[in-house]
Amino acid sequence: MSYDLSPFDMLRMARQLNMQVFDAELDFHEFGIIDHADIEKILFEFIEDSHYYDKKNLLVITGKGNVVRPLVKKLLAQNPLVKKFKQAGYFSGQEGAFEVELY
């Protein structure tokens, strides 16, 4: 059995399931081993680019570790483009990610 759903159908289904839909996503797992300066640079550029392209709802995947996650949380709290952020919901990674809203 095959289902051919349009992007609009998938968006409607996600909303019916009360799933958050994000405009952009950053996954720190894709970068391998990185240091604090790299984390800060990657996150800053992601937020700047998202803001420039008017992407307001972001998902930042950090993993559940003790290096990337605490630093990203601190940097999100300090960034003037970030309106609010919270731990991601059940379908978005929970404690391994942040849902971010930009101004």
# chains A, B, ... in the order shown; residues from 1 in each chain; ligands from 1

call {"tool": "residues_around", "arguments": {"residues": "A:Val67", "least_positions_apart": "2", "cutoff": "10 Å", "atoms": "only C-alpha atoms", "output": "list of chain:residue names"}}
result
A:Ile34, A:Asp35, A:His36, A:Ile39, A:Thr62, A:Gly63, A:Lys64, A:Gly65, A:Arg69, A:Pro70, A:Leu71, A:Val72

call {"tool": "write_last_selection", "arguments": {"atoms": "C-alpha atoms", "output": "CSV table (one decimal), in the first residue's frame"}}
result
chain,number,residue,atom,x,y,z
A,34,ILE,CA,33.2,20.3,18.0
A,35,ASP,CA,34.5,22.7,20.7
A,36,HIS,CA,32.7,25.6,22.4
A,39,ILE,CA,29.1,25.5,18.8
A,62,THR,CA,21.6,19.1,20.8
A,63,GLY,CA,21.5,15.5,22.1
A,64,LYS,CA,21.2,14.8,25.8
A,65,GLY,CA,24.9,15.2,26.7
A,69,ARG,CA,23.1,21.1,25.5
A,70,PRO,CA,24.0,23.4,28.4
A,71,LEU,CA,26.0,25.7,26.2
A,72,VAL,CA,23.2,26.0,23.6

call {"tool": "select_by_dssp", "arguments": {"residues": "stretch 14-65 of chain A", "states": "helix (DSSP H, G or I)", "output": "ChimeraX atom specification"}}
result
/A:14-16,28-31,36-52

call {"tool": "write_last_selection", "arguments": {"atoms": "C-alpha atoms", "output": "tab-separated table (two decimals), in the first residue's frame"}}
result
chain	number	residue	atom	x	y	z
A	14	ALA	CA	0.94	17.02	11.86
A	15	ARG	CA	-1.32	19.74	13.19
A	16	GLN	CA	-4.12	17.23	13.82
A	28	PHE	CA	24.51	19.28	16.17
A	29	HIS	CA	24.99	15.53	15.65
A	30	GLU	CA	25.89	16.31	12.03
A	31	PHE	CA	29.09	18.13	13.08
A	36	HIS	CA	32.66	25.59	22.41
A	37	ALA	CA	33.71	28.17	19.83
A	38	ASP	CA	32.34	26.02	17.00
A	39	ILE	CA	29.06	25.47	18.84
A	40	GLU	CA	28.66	29.20	19.38
A	41	LYS	CA	29.50	30.03	15.74
A	42	ILE	CA	27.20	27.36	14.28
A	43	LEU	CA	24.26	28.36	16.49
A	44	PHE	CA	24.76	32.09	15.88
A	45	GLU	CA	24.90	31.65	12.10
A	46	PHE	CA	21.83	29.37	12.15
A	47	ILE	CA	19.81	31.94	14.12
A	48	GLU	CA	21.03	34.85	11.98
A	49	ASP	CA	20.20	33.03	8.73
A	50	SER	CA	16.81	31.91	10.04
A	51	HIS	CA	15.96	35.46	11.08
A	52	TYR	CA	17.11	36.84	7.71

call {"tool": "atom_distance", "arguments": {"atom1": "atom CA of A:Asp54", "atom2": "atom CA of A:Ile33"}}
result
29.8 Å

call {"tool": "residues_around", "arguments": {"residues": "A:Glu99", "least_positions_apart": "4", "cutoff": "12 Å", "atoms": "only C-alpha atoms", "output": "JSON, numbers by chain"}}
result
{"A": [19, 20, 21, 22, 23, 24, 25, 26, 56, 57, 58, 59, 60, 61, 62, 72, 73, 76, 82, 83, 84, 85, 86, 87, 88, 89, 90, 91, 92, 93, 94, 95]}

call {"tool": "atom_distance", "arguments": {"atom1": "atom CA of A:Glu101", "atom2": "atom CA of A:Asn66"}}
result
23.3 Å

call {"tool": "select_by_dssp", "arguments": {"residues": "chain A", "states": "strand (DSSP E or B)", "output": "PDB file with C-alpha atoms, in the first residue's frame"}}
result
ATOM      1  CA  ALA A  24      14.178  25.278  10.103  1.00  0.00           C
ATOM      2  CA  GLU A  25      16.195  22.674  11.987  1.00  0.00           C
ATOM      3  CA  LEU A  26      19.762  22.464  13.264  1.00  0.00           C
ATOM      4  CA  ASP A  27      21.173  19.098  14.378  1.00  0.00           C
ATOM      5  CA  ASN A  57       9.956  28.487  14.553  1.00  0.00           C
ATOM      6  CA  LEU A  58      13.187  26.534  14.884  1.00  0.00           C
ATOM      7  CA  LEU A  59      14.259  23.175  16.229  1.00  0.00           C
ATOM      8  CA  VAL A  60      17.779  22.899  17.639  1.00  0.00           C
ATOM      9  CA  ILE A  61      18.827  19.291  18.291  1.00  0.00           C
ATOM     10  CA  VAL A  82      15.333  34.695  20.403  1.00  0.00           C
ATOM     11  CA  LYS A  83      11.857  35.534  21.636  1.00  0.00           C
ATOM     12  CA  LYS A  84      11.506  32.345  23.689  1.00  0.00           C
ATOM     13  CA  PHE A  85      12.688  28.760  23.817  1.00  0.00           C
ATOM     14  CA  LYS A  86      11.810  25.581  25.677  1.00  0.00           C
ATOM     15  CA  GLN A  87      12.658  21.926  25.837  1.00  0.00           C
ATOM     16  CA  ALA A  97      16.369  19.419  21.653  1.00  0.00           C
ATOM     17  CA  PHE A  98      15.024  22.942  22.019  1.00  0.00           C
ATOM     18  CA  GLU A  99      12.038  24.550  20.308  1.00  0.00           C
ATOM     19  CA  VAL A 100      12.999  28.147  19.558  1.00  0.00           C
ATOM     20  CA  GLU A 101      10.821  31.092  18.527  1.00  0.00           C
ATOM     21  CA  LEU A 102      12.460  34.158  16.972  1.00  0.00           C
TER      22      LEU A 102
END

call {"tool": "decode", "arguments": {"residues": "stretch 21-62 of chain A", "atoms": "N, CA and C atoms", "output": "PDB file, in the first residue's frame"}}
result
ATOM      1  N   VAL A  21       5.332  22.173  13.984  1.00  0.00           N
ATOM      2  CA  VAL A  21       5.919  22.234  12.653  1.00  0.00           C
ATOM      3  C   VAL A  21       6.974  23.335  12.683  1.00  0.00           C
ATOM      4  N   PHE A  22       8.189  23.013  12.256  1.00  0.00           N
ATOM      5  CA  PHE A  22       9.299  23.951  12.336  1.00  0.00           C
ATOM      6  C   PHE A  22       9.669  24.477  10.962  1.00  0.00           C
ATOM      7  N   ASP A  23      10.111  25.734  10.937  1.00  0.00           N
ATOM      8  CA  ASP A  23      10.547  26.367   9.691  1.00  0.00           C
ATOM      9  C   ASP A  23      11.968  25.965   9.327  1.00  0.00           C
ATOM     10  N   ALA A  24      12.779  25.661  10.335  1.00  0.00           N
ATOM     11  CA  ALA A  24      14.178  25.278  10.103  1.00  0.00           C
ATOM     12  C   ALA A  24      14.656  24.418  11.271  1.00  0.00           C
ATOM     13  N   GLU A  25      15.692  23.612  10.994  1.00  0.00           N
ATOM     14  CA  GLU A  25      16.195  22.674  11.987  1.00  0.00           C
ATOM     15  C   GLU A  25      17.718  22.634  11.948  1.00  0.00           C
ATOM     16  N   LEU A  26      18.315  22.602  13.128  1.00  0.00           N
ATOM     17  CA  LEU A  26      19.762  22.464  13.264  1.00  0.00           C
ATOM     18  C   LEU A  26      20.030  21.248  14.134  1.00  0.00           C
ATOM     19  N   ASP A  27      20.835  20.308  13.633  1.00  0.00           N
ATOM     20  CA  ASP A  27      21.173  19.098  14.378  1.00  0.00           C
ATOM     21  C   ASP A  27      22.683  19.077  14.609  1.00  0.00           C
ATOM     22  N   PHE A  28      23.090  19.250  15.851  1.00  0.00           N
ATOM     23  CA  PHE A  28      24.510  19.278  16.175  1.00  0.00           C
ATOM     24  C   PHE A  28      25.183  17.915  16.000  1.00  0.00           C
ATOM     25  N   HIS A  29      24.409  16.853  15.901  1.00  0.00           N
ATOM     26  CA  HIS A  29      24.989  15.533  15.652  1.00  0.00           C
ATOM     27  C   HIS A  29      25.716  15.480  14.307  1.00  0.00           C
ATOM     28  N   GLU A  30      25.321  16.322  13.375  1.00  0.00           N
ATOM     29  CA  GLU A  30      25.895  16.310  12.031  1.00  0.00           C
ATOM     30  C   GLU A  30      27.331  16.845  11.994  1.00  0.00           C
ATOM     31  N   PHE A  31      27.793  17.471  13.082  1.00  0.00           N
ATOM     32  CA  PHE A  31      29.093  18.132  13.079  1.00  0.00           C
ATOM     33  C   PHE A  31      30.202  17.324  13.740  1.00  0.00           C
ATOM     34  N   GLY A  32      29.885  16.175  14.294  1.00  0.00           N
ATOM     35  CA  GLY A  32      30.905  15.374  14.962  1.00  0.00           C
ATOM     36  C   GLY A  32      31.383  16.050  16.234  1.00  0.00           C
ATOM     37  N   ILE A  33      32.668  15.896  16.524  1.00  0.00           N
ATOM     38  CA  ILE A  33      33.244  16.482  17.734  1.00  0.00           C
ATOM     39  C   ILE A  33      33.597  17.942  17.445  1.00  0.00           C
ATOM     40  N   ILE A  34      33.011  18.833  18.230  1.00  0.00           N
ATOM     41  CA  ILE A  34      33.241  20.270  18.048  1.00  0.00           C
ATOM     42  C   ILE A  34      33.495  20.911  19.410  1.00  0.00           C
ATOM     43  N   ASP A  35      34.176  22.052  19.396  1.00  0.00           N
ATOM     44  CA  ASP A  35      34.466  22.736  20.654  1.00  0.00           C
ATOM     45  C   ASP A  35      33.453  23.865  20.896  1.00  0.00           C
ATOM     46  N   HIS A  36      33.613  24.538  22.016  1.00  0.00           N
ATOM     47  CA  HIS A  36      32.660  25.586  22.410  1.00  0.00           C
ATOM     48  C   HIS A  36      32.571  26.707  21.379  1.00  0.00           C
ATOM     49  N   ALA A  37      33.712  27.097  20.827  1.00  0.00           N
ATOM     50  CA  ALA A  37      33.711  28.174  19.831  1.00  0.00           C
ATOM     51  C   ALA A  37      32.927  27.761  18.588  1.00  0.00           C
ATOM     52  N   ASP A  38      33.082  26.514  18.164  1.00  0.00           N
ATOM     53  CA  ASP A  38      32.339  26.019  16.998  1.00  0.00           C
ATOM     54  C   ASP A  38      30.844  25.975  17.275  1.00  0.00           C
ATOM     55  N   ILE A  39      30.478  25.529  18.463  1.00  0.00           N
ATOM     56  CA  ILE A  39      29.064  25.470  18.840  1.00  0.00           C
ATOM     57  C   ILE A  39      28.457  26.862  18.782  1.00  0.00           C
ATOM     58  N   GLU A  40      29.156  27.824  19.357  1.00  0.00           N
ATOM     59  CA  GLU A  40      28.663  29.202  19.379  1.00  0.00           C
ATOM     60  C   GLU A  40      28.522  29.757  17.958  1.00  0.00           C
ATOM     61  N   LYS A  41      29.522  29.530  17.120  1.00  0.00           N
ATOM     62  CA  LYS A  41      29.496  30.025  15.740  1.00  0.00           C
ATOM     63  C   LYS A  41      28.370  29.390  14.931  1.00  0.00           C
ATOM     64  N   ILE A  42      28.234  28.079  15.030  1.00  0.00           N
ATOM     65  CA  ILE A  42      27.197  27.357  14.277  1.00  0.00           C
ATOM     66  C   ILE A  42      25.808  27.835  14.689  1.00  0.00           C
ATOM     67  N   LEU A  43      25.575  27.931  16.003  1.00  0.00           N
ATOM     68  CA  LEU A  43      24.261  28.359  16.489  1.00  0.00           C
ATOM     69  C   LEU A  43      23.968  29.796  16.080  1.00  0.00           C
ATOM     70  N   PHE A  44      24.954  30.693  16.239  1.00  0.00           N
ATOM     71  CA  PHE A  44      24.763  32.094  15.882  1.00  0.00           C
ATOM     72  C   PHE A  44      24.417  32.239  14.398  1.00  0.00           C
ATOM     73  N   GLU A  45      25.159  31.562  13.538  1.00  0.00           N
ATOM     74  CA  GLU A  45      24.895  31.648  12.097  1.00  0.00           C
ATOM     75  C   GLU A  45      23.529  31.067  11.740  1.00  0.00           C
ATOM     76  N   PHE A  46      23.146  29.973  12.391  1.00  0.00           N
ATOM     77  CA  PHE A  46      21.833  29.374  12.147  1.00  0.00           C
ATOM     78  C   PHE A  46      20.716  30.350  12.519  1.00  0.00           C
ATOM     79  N   ILE A  47      20.835  30.983  13.678  1.00  0.00           N
ATOM     80  CA  ILE A  47      19.805  31.935  14.122  1.00  0.00           C
ATOM     81  C   ILE A  47      19.782  33.159  13.213  1.00  0.00           C
ATOM     82  N   GLU A  48      20.948  33.691  12.880  1.00  0.00           N
ATOM     83  CA  GLU A  48      21.032  34.854  11.983  1.00  0.00           C
ATOM     84  C   GLU A  48      20.396  34.547  10.621  1.00  0.00           C
ATOM     85  N   ASP A  49      20.756  33.417  10.036  1.00  0.00           N
ATOM     86  CA  ASP A  49      20.195  33.028   8.734  1.00  0.00           C
ATOM     87  C   ASP A  49      18.690  32.817   8.819  1.00  0.00           C
ATOM     88  N   SER A  50      18.247  32.157   9.873  1.00  0.00           N
ATOM     89  CA  SER A  50      16.808  31.909  10.041  1.00  0.00           C
ATOM     90  C   SER A  50      16.058  33.232  10.161  1.00  0.00           C
ATOM     91  N   HIS A  51      16.591  34.149  10.921  1.00  0.00           N
ATOM     92  CA  HIS A  51      15.960  35.457  11.081  1.00  0.00           C
ATOM     93  C   HIS A  51      15.926  36.200   9.744  1.00  0.00           C
ATOM     94  N   TYR A  52      17.023  36.164   9.014  1.00  0.00           N
ATOM     95  CA  TYR A  52      17.107  36.839   7.715  1.00  0.00           C
ATOM     96  C   TYR A  52      16.055  36.311   6.743  1.00  0.00           C
ATOM     97  N   TYR A  53      15.849  34.995   6.747  1.00  0.00           N
ATOM     98  CA  TYR A  53      14.882  34.379   5.832  1.00  0.00           C
ATOM     99  C   TYR A  53      13.491  34.256   6.450  1.00  0.00           C
ATOM    100  N   ASP A  54      13.252  34.968   7.560  1.00  0.00           N
ATOM    101  CA  ASP A  54      11.949  35.044   8.221  1.00  0.00           C
ATOM    102  C   ASP A  54      11.431  33.678   8.669  1.00  0.00           C
ATOM    103  N   LYS A  55      12.330  32.851   9.129  1.00  0.00           N
ATOM    104  CA  LYS A  55      11.953  31.553   9.703  1.00  0.00           C
ATOM    105  C   LYS A  55      11.876  31.745  11.208  1.00  0.00           C
ATOM    106  N   LYS A  56      10.690  31.638  11.750  1.00  0.00           N
ATOM    107  CA  LYS A  56      10.457  32.002  13.147  1.00  0.00           C
ATOM    108  C   LYS A  56      10.510  30.815  14.111  1.00  0.00           C
ATOM    109  N   ASN A  57      10.041  29.658  13.678  1.00  0.00           N
ATOM    110  CA  ASN A  57       9.956  28.487  14.553  1.00  0.00           C
ATOM    111  C   ASN A  57      11.061  27.501  14.197  1.00  0.00           C
ATOM    112  N   LEU A  58      11.997  27.330  15.137  1.00  0.00           N
ATOM    113  CA  LEU A  58      13.187  26.534  14.884  1.00  0.00           C
ATOM    114  C   LEU A  58      13.262  25.345  15.834  1.00  0.00           C
ATOM    115  N   LEU A  59      13.943  24.316  15.377  1.00  0.00           N
ATOM    116  CA  LEU A  59      14.259  23.175  16.229  1.00  0.00           C
ATOM    117  C   LEU A  59      15.773  23.045  16.256  1.00  0.00           C
ATOM    118  N   VAL A  60      16.338  23.063  17.468  1.00  0.00           N
ATOM    119  CA  VAL A  60      17.779  22.899  17.639  1.00  0.00           C
ATOM    120  C   VAL A  60      17.998  21.587  18.391  1.00  0.00           C
ATOM    121  N   ILE A  61      18.593  20.619  17.714  1.00  0.00           N
ATOM    122  CA  ILE A  61      18.827  19.291  18.291  1.00  0.00           C
ATOM    123  C   ILE A  61      20.247  19.263  18.850  1.00  0.00           C
ATOM    124  N   THR A  62      20.331  19.058  20.158  1.00  0.00           N
ATOM    125  CA  THR A  62      21.625  19.088  20.836  1.00  0.00           C
ATOM    126  C   THR A  62      22.078  17.707  21.281  1.00  0.00           C
TER     127      THR A  62
END
